[in-house]
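Asker: Take a look at work.txt, compact mmCIF, C-alpha atoms:
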# COMPACT_ATOMS: atom_id res chain seq x y z
CA GLY A 1136 22.56 7.23 -4.52
CA LEU A 1137 19.99 4.79 -5.79
CA CYS A 1138 21.48 4.29 -9.26
CA PRO A 1139 22.44 1.95 -10.77
CA VAL A 1140 19.37 -0.05 -9.82
CA VAL A 1141 17.23 -2.87 -11.20
CA LEU A 1142 13.69 -1.52 -10.83
CA GLY A 1143 10.46 -3.41 -10.27
CA HIS A 1144 9.05 -3.44 -6.73
CA GLU A 1145 5.53 -4.63 -7.54
CA GLY A 1146 6.27 -8.11 -8.73
CA THR A 1147 6.03 -11.85 -8.48
CA GLY A 1148 8.17 -14.75 -9.63
CA GLU A 1149 8.59 -18.50 -9.82
CA ILE A 1150 11.15 -20.34 -7.71
CA VAL A 1151 13.77 -21.83 -10.06
CA ALA A 1152 16.49 -22.55 -7.48
CA MET A 1153 16.48 -22.93 -3.70
CA GLY A 1154 18.94 -23.19 -0.85
CA LYS A 1155 18.83 -26.55 0.91
CA ASN A 1156 17.59 -25.03 4.17
CA ILE A 1157 14.64 -23.16 2.63
CA THR A 1158 11.48 -25.22 3.14
CA ARG A 1159 8.84 -22.70 4.26
CA ASP A 1160 7.86 -19.10 3.58
CA THR A 1161 7.56 -16.32 6.16
CA ALA A 1162 4.03 -17.45 7.11
CA GLY A 1163 5.21 -21.03 7.64
CA ASN A 1164 3.73 -22.42 4.42
CA PRO A 1165 5.74 -25.05 2.51
CA VAL A 1166 7.63 -23.91 -0.60
CA LYS A 1167 9.22 -25.90 -3.39
CA LEU A 1168 10.66 -25.42 -6.85
CA GLY A 1169 8.02 -24.09 -9.23
CA ASP A 1170 6.02 -22.29 -6.57
CA LYS A 1171 5.01 -18.68 -7.21
CA ILE A 1172 6.01 -16.14 -4.57
CA VAL A 1173 5.84 -12.46 -3.69
CA THR A 1174 8.33 -10.67 -1.49
CA CYS A 1175 7.82 -8.17 1.30
CA ILE A 1176 10.37 -5.91 3.01
CA ILE A 1177 13.85 -6.81 4.24
CA PRO A 1178 14.24 -5.52 7.82
CA CYS A 1179 17.80 -4.98 9.03
CA GLY A 1180 17.13 -6.53 12.42
CA THR A 1181 19.46 -4.19 14.29
CA CYS A 1182 17.94 -0.69 14.30
CA ASP A 1183 15.72 0.77 17.01
CA ALA A 1184 12.48 -0.08 15.21
CA CYS A 1185 13.49 -3.70 14.56
CA LEU A 1186 14.65 -4.24 18.13
CA ASN A 1187 11.97 -2.34 20.05
CA THR A 1188 8.87 -2.45 17.81
CA PRO A 1189 9.19 -5.82 16.04
CA ALA A 1190 5.55 -5.71 14.92
CA ARG A 1191 6.32 -2.54 12.95
CA THR A 1192 9.40 -3.46 10.95
CA ASN A 1193 8.08 -1.24 8.16
CA LEU A 1194 9.69 1.54 10.25
CA CYS A 1195 13.13 -0.10 9.96
CA GLU A 1196 15.70 2.64 9.41
CA ASN A 1197 17.56 0.50 6.86
CA VAL A 1198 14.63 -1.32 5.29
CA GLY A 1199 15.18 -2.95 1.91
CA VAL A 1200 12.57 -3.35 -0.82
CA TYR A 1201 13.32 -5.33 -3.96
CA GLY A 1202 13.33 -2.98 -6.94
CA LEU A 1203 14.26 0.01 -4.78
CA MET A 1204 17.73 -1.08 -3.68
CA PRO A 1205 20.96 0.14 -5.31
CA ASP A 1206 23.01 -2.37 -7.21
CA ASP A 1207 25.46 -4.31 -5.03
CA ASP A 1208 27.47 -7.52 -5.15
CA VAL A 1209 24.24 -9.55 -5.56
CA HIS A 1210 23.09 -7.46 -8.58
CA LEU A 1211 19.74 -9.19 -9.09
CA ASN A 1212 17.65 -6.98 -6.81
CA GLY A 1213 14.51 -6.08 -8.78
CA TYR A 1214 11.61 -7.70 -10.59
CA PHE A 1215 12.53 -6.10 -13.92
CA GLY A 1216 15.44 -8.52 -14.17
CA GLU A 1217 15.07 -11.94 -15.78
CA TYR A 1218 16.04 -13.41 -12.43
CA MET A 1219 16.02 -12.10 -8.87
CA VAL A 1220 17.91 -13.39 -5.84
CA VAL A 1221 15.89 -13.51 -2.62
CA ARG A 1222 18.61 -12.83 -0.10
CA LYS A 1223 19.01 -13.82 3.53
CA GLY A 1224 16.70 -11.95 5.89
CA SER A 1225 13.99 -11.46 3.27
CA THR A 1226 10.30 -11.99 3.89
CA PHE A 1227 8.40 -13.85 1.16
CA PHE A 1228 5.09 -15.65 0.70
CA ASN A 1229 3.83 -18.56 -1.38
CA VAL A 1230 0.98 -17.34 -3.61
CA SER A 1231 0.76 -20.27 -6.01
CA ASN A 1232 -3.02 -20.31 -5.54
CA MET A 1233 -3.34 -16.93 -7.28
CA THR A 1234 -3.36 -16.03 -10.96
CA LEU A 1235 -0.58 -13.84 -12.33
CA ASP A 1236 -2.88 -10.80 -12.43
CA GLN A 1237 -3.89 -11.36 -8.83
CA ARG A 1238 -0.30 -11.84 -7.67
CA ILE A 1239 0.90 -8.62 -9.27
CA LEU A 1240 -1.62 -6.64 -7.18
CA VAL A 1241 -0.44 -8.01 -3.82
CA GLU A 1242 2.19 -5.33 -3.16
CA PRO A 1243 -0.02 -2.26 -3.80
CA ALA A 1244 -2.87 -4.00 -1.97
CA ALA A 1245 -0.59 -4.41 1.06
CA VAL A 1246 -0.06 -0.63 1.04
CA VAL A 1247 -3.78 0.04 1.48
CA VAL A 1248 -4.33 -2.80 3.93
CA HIS A 1249 -1.65 -1.25 6.13
CA SER A 1250 -3.17 2.23 5.82
CA LEU A 1251 -6.60 0.82 6.67
CA GLU A 1252 -5.19 -0.77 9.82
CA ARG A 1253 -3.60 2.56 10.74
CA ALA A 1254 -6.96 4.29 10.20
CA LYS A 1255 -8.78 1.67 12.29
CA SER A 1256 -6.39 2.39 15.15
CA THR A 1257 -8.08 5.80 15.56
CA GLY A 1258 -11.42 4.17 16.45
CA LEU A 1259 -13.22 6.46 14.02
CA LEU A 1260 -14.18 4.05 11.23
CA LYS A 1261 -17.69 2.65 11.59
CA PHE A 1262 -20.19 1.03 9.25
CA ASN A 1263 -22.08 4.32 8.87
CA SER A 1264 -18.97 6.49 8.47
CA VAL A 1265 -18.73 8.89 5.56
CA VAL A 1266 -15.27 8.21 4.15
CA LEU A 1267 -13.53 10.32 1.55
CA VAL A 1268 -10.61 9.08 -0.56
CA GLN A 1269 -8.57 11.79 -2.24
CA GLY A 1270 -6.59 10.64 -5.26
CA CYS A 1271 -8.01 7.85 -7.39
CA GLY A 1272 -4.95 6.28 -8.94
CA PRO A 1273 -4.28 2.59 -8.28
CA ILE A 1274 -3.63 3.15 -4.57
CA GLY A 1275 -6.74 5.29 -4.08
CA LEU A 1276 -8.93 2.81 -5.95
CA LEU A 1277 -7.56 -0.09 -3.93
CA GLN A 1278 -8.18 1.94 -0.77
CA ILE A 1279 -11.80 2.28 -1.81
CA ALA A 1280 -11.92 -1.48 -2.32
CA THR A 1281 -10.72 -2.10 1.24
CA LEU A 1282 -13.54 0.09 2.53
CA ARG A 1283 -16.12 -1.76 0.44
CA THR A 1284 -14.94 -5.11 1.79
CA LEU A 1285 -15.61 -3.75 5.28
CA GLY A 1286 -19.19 -3.00 4.28
CA MET A 1287 -18.93 0.79 4.21
CA GLU A 1288 -21.60 2.29 1.96
CA THR A 1289 -20.84 6.01 1.85
CA ILE A 1290 -17.50 6.49 0.11
CA ILE A 1291 -16.66 9.73 -1.68
CA ALA A 1292 -13.91 9.70 -4.32
CA VAL A 1293 -12.15 12.99 -5.07
CA ASP A 1294 -9.76 13.24 -8.00
CA GLY A 1295 -8.61 15.96 -10.39
CA ASN A 1296 -9.38 19.65 -10.50
CA ASP A 1297 -13.12 19.32 -11.06
CA SER A 1298 -13.85 18.09 -7.53
CA ARG A 1299 -14.14 20.78 -4.89
CA LEU A 1300 -15.00 21.10 -1.26
CA ASP A 1301 -18.44 22.52 -2.04
CA ALA A 1302 -19.19 19.54 -4.26
CA VAL A 1303 -18.32 17.13 -1.46
CA LYS A 1304 -20.61 18.96 0.96
CA ALA A 1305 -23.41 19.08 -1.62
CA ASP A 1306 -23.16 15.34 -2.23
CA ASN A 1307 -23.26 14.64 1.48
CA GLY A 1308 -26.12 16.80 2.69
CA GLY A 1309 -23.83 19.63 3.78
CA ARG A 1310 -21.64 17.35 5.91
CA LEU A 1311 -17.93 16.85 5.70
CA ALA A 1312 -16.29 13.43 5.93
CA ASP A 1313 -15.92 11.42 9.11
CA PHE A 1314 -12.60 10.14 7.80
CA VAL A 1315 -10.29 11.02 4.91
CA PHE A 1316 -7.63 8.94 3.17
CA GLN A 1317 -5.14 11.20 1.37
CA CYS A 1318 -3.72 9.10 -1.49
CA THR A 1319 -2.04 11.66 -3.75
CA GLY A 1320 1.63 12.57 -3.72
CA VAL A 1321 0.98 16.26 -4.37
CA GLY A 1322 1.70 18.72 -1.56
CA LYS A 1323 -1.14 21.11 -2.37
CA ALA A 1324 -3.63 18.24 -2.49
CA GLY A 1325 -2.29 16.92 0.78
CA ALA A 1326 -2.92 20.26 2.45
CA ASN A 1327 -6.39 20.49 0.93
CA ALA A 1328 -7.39 17.09 2.32
CA TRP A 1329 -7.67 18.55 5.83
CA LYS A 1330 -10.53 20.79 4.61
CA PHE A 1331 -12.67 17.73 3.93
CA VAL A 1332 -12.50 16.41 7.52
CA LYS A 1333 -15.40 17.23 9.84
CA ARG A 1334 -14.98 18.33 13.45
CA GLY A 1335 -13.87 15.31 15.46
CA GLY A 1336 -13.00 13.37 12.32
CA GLY A 1337 -9.84 11.65 11.22
CA LEU A 1338 -7.28 11.56 8.42
CA CYS A 1339 -4.78 8.99 7.20
CA GLU A 1340 -1.91 10.22 5.04
CA VAL A 1341 -1.06 7.48 2.53
CA GLY A 1342 0.26 9.21 -0.56
CA PHE A 1343 3.70 10.55 0.25
CA PHE A 1344 5.98 7.55 -0.22
CA MET A 1345 8.32 9.97 -1.98
CA ASP A 1346 9.07 13.57 -1.02
CA GLY A 1347 6.27 15.61 -2.58
CA GLY A 1348 7.52 18.88 -1.16
CA GLU A 1349 6.30 20.93 1.76
CA SER A 1350 2.72 22.11 2.11
CA VAL A 1351 0.91 24.44 4.45
CA ILE A 1352 -2.15 23.85 6.62
CA ASN A 1353 -3.81 26.17 9.07
CA HIS A 1354 -3.10 24.42 12.35
CA HIS A 1355 -5.88 26.30 14.11
CA PHE A 1356 -8.75 25.68 11.69
CA ASP A 1357 -7.58 22.41 10.09
CA LEU A 1358 -6.32 20.55 13.14
CA CYS A 1359 -6.78 21.99 16.63
CA ASN A 1360 -10.19 23.63 16.25
CA LYS A 1361 -11.63 20.48 14.67
CA GLU A 1362 -9.70 18.14 16.99
CA VAL A 1363 -8.73 15.92 14.06
CA THR A 1364 -7.09 12.58 14.75
CA ALA A 1365 -4.40 12.00 12.14
CA VAL A 1366 -2.15 9.02 11.36
CA GLY A 1367 0.55 8.44 8.81
CA SER A 1368 0.99 5.19 6.91
CA TRP A 1369 4.39 3.92 5.74
CA VAL A 1370 4.49 1.02 3.26
CA TYR A 1371 3.66 -2.29 5.03
CA SER A 1372 5.05 -4.96 7.30
CA PRO A 1373 5.26 -8.74 6.79
CA GLN A 1374 2.33 -9.08 9.19
CA ASP A 1375 0.15 -7.19 6.70
CA TYR A 1376 0.60 -9.76 3.93
CA PRO A 1377 -1.64 -12.55 5.29
CA THR A 1378 -4.32 -9.89 5.91
CA THR A 1379 -3.79 -8.67 2.34
CA PHE A 1380 -4.43 -12.15 0.97
CA ASP A 1381 -7.70 -12.27 2.92
CA PHE A 1382 -8.66 -8.81 1.66
CA LEU A 1383 -8.07 -9.83 -1.96
CA LYS A 1384 -10.06 -13.04 -1.50
CA ARG A 1385 -12.94 -11.05 -0.01
CA ALA A 1386 -12.77 -8.38 -2.72
CA TYR A 1387 -12.92 -10.92 -5.53
CA GLY A 1388 -15.65 -12.77 -3.64
CA ILE A 1389 -17.97 -9.75 -3.64
CA GLY A 1390 -17.25 -9.04 -7.30
CA LEU A 1391 -14.82 -6.12 -7.15
CA PRO A 1392 -12.94 -6.14 -10.49
CA LEU A 1393 -9.50 -5.38 -9.07
CA THR A 1394 -7.56 -6.93 -11.95
CA LYS A 1395 -9.03 -4.26 -14.25
CA LEU A 1396 -6.46 -1.94 -12.67
CA ILE A 1397 -3.99 -3.65 -15.00
CA SER A 1398 -4.35 -1.45 -18.07
CA HIS A 1399 -1.42 -2.52 -20.30
CA ARG A 1400 0.89 -5.49 -20.79
CA PHE A 1401 4.50 -5.33 -21.97
CA LYS A 1402 7.30 -7.83 -22.36
CA LEU A 1403 10.53 -7.26 -20.49
CA ASP A 1404 12.33 -6.10 -23.65
CA GLU A 1405 9.61 -3.47 -24.13
CA ILE A 1406 10.33 -1.82 -20.76
CA THR A 1407 11.41 1.50 -22.31
CA GLU A 1408 8.10 1.77 -24.14
CA ALA A 1409 6.23 0.83 -20.98
Give the structure from this file in structure tokens form.
Answerer:
Amino acid sequence: GLCPVVLGHEGTGEIVAMGKNITRDTAGNPVKLGDKIVTCIIPCGTCDACLNTPARTNLCENVGVYGLMPDDDVHLNGYFGEYMVVRKGSTFFNVSNMTLDQRILVEPAAVVVHSLERAKSTGLLKFNSVVLVQGCGPIGLLQIATLRTLGMETIIAVDGNDSRLDAVKADNGGRLADFVFQCTGVGKAGANAWKFVKRGGGLCEVGFFMDGGESVINHHFDLCNKEVTAVGSWVYSPQDYPTTFDFLKRAYGIGLPLTKLISHRFKLDEITEA
């Protein structure tokens, strides 16, 4: 099982000790003591995905993520520890040019940058697309931010029980969405997202990082009859991180207040309260 585990997978830290052979990060940028870094995934390098689809190591069958790895002989595996050991085979990036608040948003931002790239692979996202984002927690709000940085003007946010299919159609002149991002982890909501997609539209499933249970769609009306193009999105790859840095720079540049997603601050010894 996962426990015992040191949690904390959305994190950043300062380099306080380095191996003699470590001089650059995964992107080739120099690193030194005192630099601030973020980590990405740890691909195993031996599974089918690592060997045959090296650009998609997020699909590694044995992928490791700091803060989501069981305790082992290294012990210091998560950002909720006072120290963390970045082990061999890790991917990490120097982000010393960012503030602490900006650095802490890199990991969730990478999630939505990856899902946006998956959505773009369908060829259905255009400047005049009507895009609906279901689920407006941190991931959904960051997904909306990625769309705004692309210049998309018509973005519909659906969250909670007060938003309904009829309301979406009323707000959009009777039309459904050209593309839907499903960002909740609730099975019933995931099934409902298909109702928002217009004929010939697309859907990207982002929300189910954990098992949210099974859900039911009508394959005739929701998928085949509308000829929906659907893609799944699974975490991120190291290749997404440089793109994520550019996304964040662009988002801050156009005035999107992303750091307001940080609602509370706690010290490490207040973790139970947090």
Asker: Region 1196-1204 of chain A: which residues within 7 Å, counting only C-alpha atoms, same-chain residues fewer than 2 positions away excluded, as a list in words?
Answerer: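 Listed by chain and then number, they are Leu1137, Val1140, Val1141, Leu1142, Gly1143, His1144, Ile1176, Ile1177, Pro1178, Cys1179, Cys1182, Leu1194, Asp1206, Asn1212, Gly1213 and Tyr1214 of chain A.
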Asker: Just the selected residues (C-alpha atoms), exported as a compact mmCIF listing (two decimals), keeping the file's coordinate frame, please.
Answerer:
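File again-v2.txt, as written:
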# COMPACT_ATOMS: atom_id res chain seq x y z
CA LEU A 1137 19.99 4.79 -5.79
CA VAL A 1140 19.37 -0.05 -9.82
CA VAL A 1141 17.23 -2.87 -11.20
CA LEU A 1142 13.69 -1.52 -10.83
CA GLY A 1143 10.46 -3.41 -10.27
CA HIS A 1144 9.05 -3.44 -6.73
CA ILE A 1176 10.37 -5.91 3.01
CA ILE A 1177 13.85 -6.81 4.24
CA PRO A 1178 14.24 -5.52 7.82
CA CYS A 1179 17.80 -4.98 9.03
CA CYS A 1182 17.94 -0.69 14.30
CA LEU A 1194 9.69 1.54 10.25
CA ASP A 1206 23.01 -2.37 -7.21
CA ASN A 1212 17.65 -6.98 -6.81
CA GLY A 1213 14.51 -6.08 -8.78
CA TYR A 1214 11.61 -7.70 -10.59
Asker: Could you list, as a PyMOL selection string, every residue within 10 Å of Val1209 (chain A), counting all atoms listed in the file and ignoring same-chain residues fewer than 5 positions away?
Answerer: chain A and resi 1219-1222
Asker: What lies within 12 Å of region 1362-1366 of chain A using all atoms listed in the file, ignoring chain neighbours under 6 positions off, as a VMD selection string?
Answerer: chain A and resid 1249 to 1260 1312 to 1317 1328 to 1341 1354 to 1356
Asker: Extract, using all atoms listed in the file, all DNA, RNA and protein residues at most 12 Å from region 1381-1390 of chain A, discarding same-chain residues fewer than 2 positions from it, and format them as a VMD selection string.
Answerer: chain A and resid 1230 1232 to 1234 1236 to 1249 1251 to 1252 1277 to 1286 1375 to 1379 1392 to 1395
Asker: Which neighbours of region 1148-1155 of chain A fall inside 7 Å, counting only C-alpha atoms, when residues of the same chain fewer than 3 positions from it are skipped, and could you give them as a list in words?
Answerer: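 Here the answer would be Leu1168, Gly1169, Asp1170, Lys1171, Ile1172 and Val1173 of chain A.
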Asker: Here is a test: counting all atoms listed in the file, which residue of A:Phe1401, A:Phe1215, A:Leu1396, A:Gln1374 is nearest to Gly1275 (chain A)?
Answerer: A:Leu1396
Asker: CA of Gly1224 (chain A) to CA of Thr1181 (chain A): how many Å, to one decimal?
Answerer: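 Value for the CA of Gly1224 (chain A)-CA of Thr1181 (chain A) distance: 11.8 Å.
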Asker: Work out where the centre of an axis-aligned box around every listed atom of region 1200-1203 of chain A lies and how long its edges are once 3 Å is added on each side; give both in Å to one decimal as JSON.
Answerer:
{"center_x": 13.4, "center_y": -2.7, "center_z": -3.9, "size_x": 7.7, "size_y": 11.3, "size_z": 12.1}
Asker: So how far away is CA of Cys1318 (chain A) from CA of Val1266 (chain A), in Å?
Answerer: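 We find that CA of Val1266 (chain A) and CA of Cys1318 (chain A) lie 12.9 Å from each other.
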Asker: Taking into account all atoms listed in the file, which residue in the set A:Val1370, A:Ala1324, A:Cys1175, A:Leu1311 is nearest to Glu1349 (chain A)?
Answerer: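 Between A:Val1370, A:Ala1324, A:Cys1175, A:Leu1311, the residue approaching Glu1349 (chain A) most closely is A:Ala1324.
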Asker: Nearest to Asp1294 (chain A): which of A:Thr1188, A:Asn1263, A:Asn1327, A:Thr1174 is it, counting only C-alpha atoms?
Answerer: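 For Asp1294 (chain A), the nearest of the given residues is A:Asn1327.
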